[in-house]
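Colleague: Got a structure for you, written out below as structure tokens; questions coming shortly.
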Amino acid sequence: MDAPKIQSAIPRRRYQFGEYSGVVLAEIESGDATKYRYILALVREGENRPAFYVTAEQNPRSRQQEGSHRLRVITHELNEEIGCSDAWSDLDAFCTEAFTVAAKVLGLSDEQAVLIS
């Protein structure tokens with residue numbers, strides 16, 4: 001899996017999402033060239049490492065007209081850009097969209113993300 005290489009980050013929110021626990025990270029320092037605004041990392045119950053990520057990545061200057069940030073889904077089988085928007089620089093908008101995408105990809109459309117802290 002091409003997971004983000006997180007060196008340091010600040011947890012902003014924690015969620016329960018079906019059989020997954022999730023954390024939304026901000027102020028991310030990474031060991032790769034990507035500039036992350038936020039990362040949603042989901043860990044399945046019984047596992048100790050995230051198997052699913054949704055990232056808000058700063059768009060390069062050449063793509064700024066599409067939006068300031070792009071949304072990407074990263075799993076063992078998938079590494080796909082979902083789209084671009086200025087809205088994903090906002091924490092609430094990112095969380096809403098990230099869980100919408102996660103529900104579709106993971107087949108959890110009946111689940112609600114429950115904010116723990």
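The way I read the labels, and the way they are meant: chains A, B, ... in the order of the structure tokens, residue 1 as the first residue of every chain, and ligand 1 as the first ligand shown, with later ones counted on from there.
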Can you pull out the residues contacting Val114 (chain A)? Cut-off 10 Å, using only C-alpha atoms, and skip same-chain residues under 5 positions away; I want them as a PDB file with C-alpha atoms, in the first residue's frame.
Modeller:
```
ATOM      1  CA  ARG A  14     -11.595  10.568  16.571  1.00  0.00           C
ATOM      2  CA  TYR A  15     -14.525   8.574  15.208  1.00  0.00           C
ATOM      3  CA  GLN A  16     -16.186   5.186  15.364  1.00  0.00           C
ATOM      4  CA  PHE A  17     -17.372   4.102  11.917  1.00  0.00           C
ATOM      5  CA  GLY A  18     -18.933   0.671  11.862  1.00  0.00           C
ATOM      6  CA  SER A  21     -12.020   3.424  14.396  1.00  0.00           C
ATOM      7  CA  GLY A  22     -10.827   6.557  12.696  1.00  0.00           C
TER       8      GLY A  22
END
```
Colleague: Ile10 (chain A): which residues within 8 Å, counting only C-alpha atoms, same-chain residues fewer than 6 positions away excluded, as a PyMOL selection string?
Modeller: chain A and resi 25-28
Colleague: Identify which of the residues A:Leu78, A:Ala103, A:Leu71, A:Leu108 lies closest to Tyr38 (chain A), counting only C-alpha atoms when measuring atom-to-atom distances.
Modeller: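 Closest candidate: A:Leu71.
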Colleague: With distances taken over only C-alpha atoms, which of A:Ala3, A:Ala87, A:Ala113, A:Val43 is nearest to Gly31 (chain A)?
Modeller: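 That would be A:Ala3, the residue with the smallest distance to Gly31 (chain A).
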Colleague: Can you tell me how far CA of Arg12 (chain A) sits from CA of Asp92 (chain A), in Å to one decimal?
Modeller: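 Computing it gives 10.9 Å between the two atoms.
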Colleague: Point out the residue among A:Ile116, A:Val105, A:Ile74, A:Val23 with the least atom-to-atom distance to Val54 (chain A), counting only C-alpha atoms.
Modeller: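 Counting only C-alpha atoms, the residue closest to Val54 (chain A) is A:Ile74.
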Colleague: Quick one: of A:Ile6, A:Leu42, A:Ala93, A:Ala51, who's nearest to Asn79 (chain A), counting only C-alpha atoms?
Modeller: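 The closest residue to Asn79 (chain A) is A:Ala51.
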Colleague: Calculated over only C-alpha atoms, which of the candidates A:Asp86, A:Asp32, A:Asp2, A:Glu111 has the smallest distance to Arg63 (chain A)?
Modeller: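 Nearest to Arg63 (chain A): A:Asp86.
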Colleague: Restricting the calculation to only C-alpha atoms: of A:Ala56, A:Thr75, A:Val101, A:Arg49, which residue gets closest to Arg37 (chain A)?
Modeller: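 Closest to Arg37 (chain A) of all the choices is A:Ala56.
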Colleague: Would you give me, as a PyMOL selection string, the residues in region 30-109 of chain A that DSSP reads as strand (DSSP E)?
Modeller: chain A and resi 30+36-44+52-58+69-74+79-85
Colleague: Excluding Gln65 (chain A) and any residue of its chain fewer than 4 positions from it, enumerate the residues within 12 Å of it, using only C-alpha atoms, and give them as a PyMOL selection string.
Modeller: chain A and resi 59-61+69-70+84-86
Colleague: Please report the interatomic distance between CA of Phe52 (chain A) and CA of Asp110 (chain A) in Å with one decimal.
Modeller: 18.1 Å
Colleague: Tell me, in Å to one decimal, how far CA of Lys35 (chain A) is from CA of Ser8 (chain A).
Modeller: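 About the pair CA of Lys35 (chain A) and CA of Ser8 (chain A): they are 12.8 Å apart.
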Colleague: List the spatial neighbours of Tyr53 (chain A) as an NGL selection string - criterion: any atom at most 6 Å away, only C-alpha atoms, same-chain residues fewer than 5 positions off excluded.
Modeller: :A and (40-41 or 73-74)
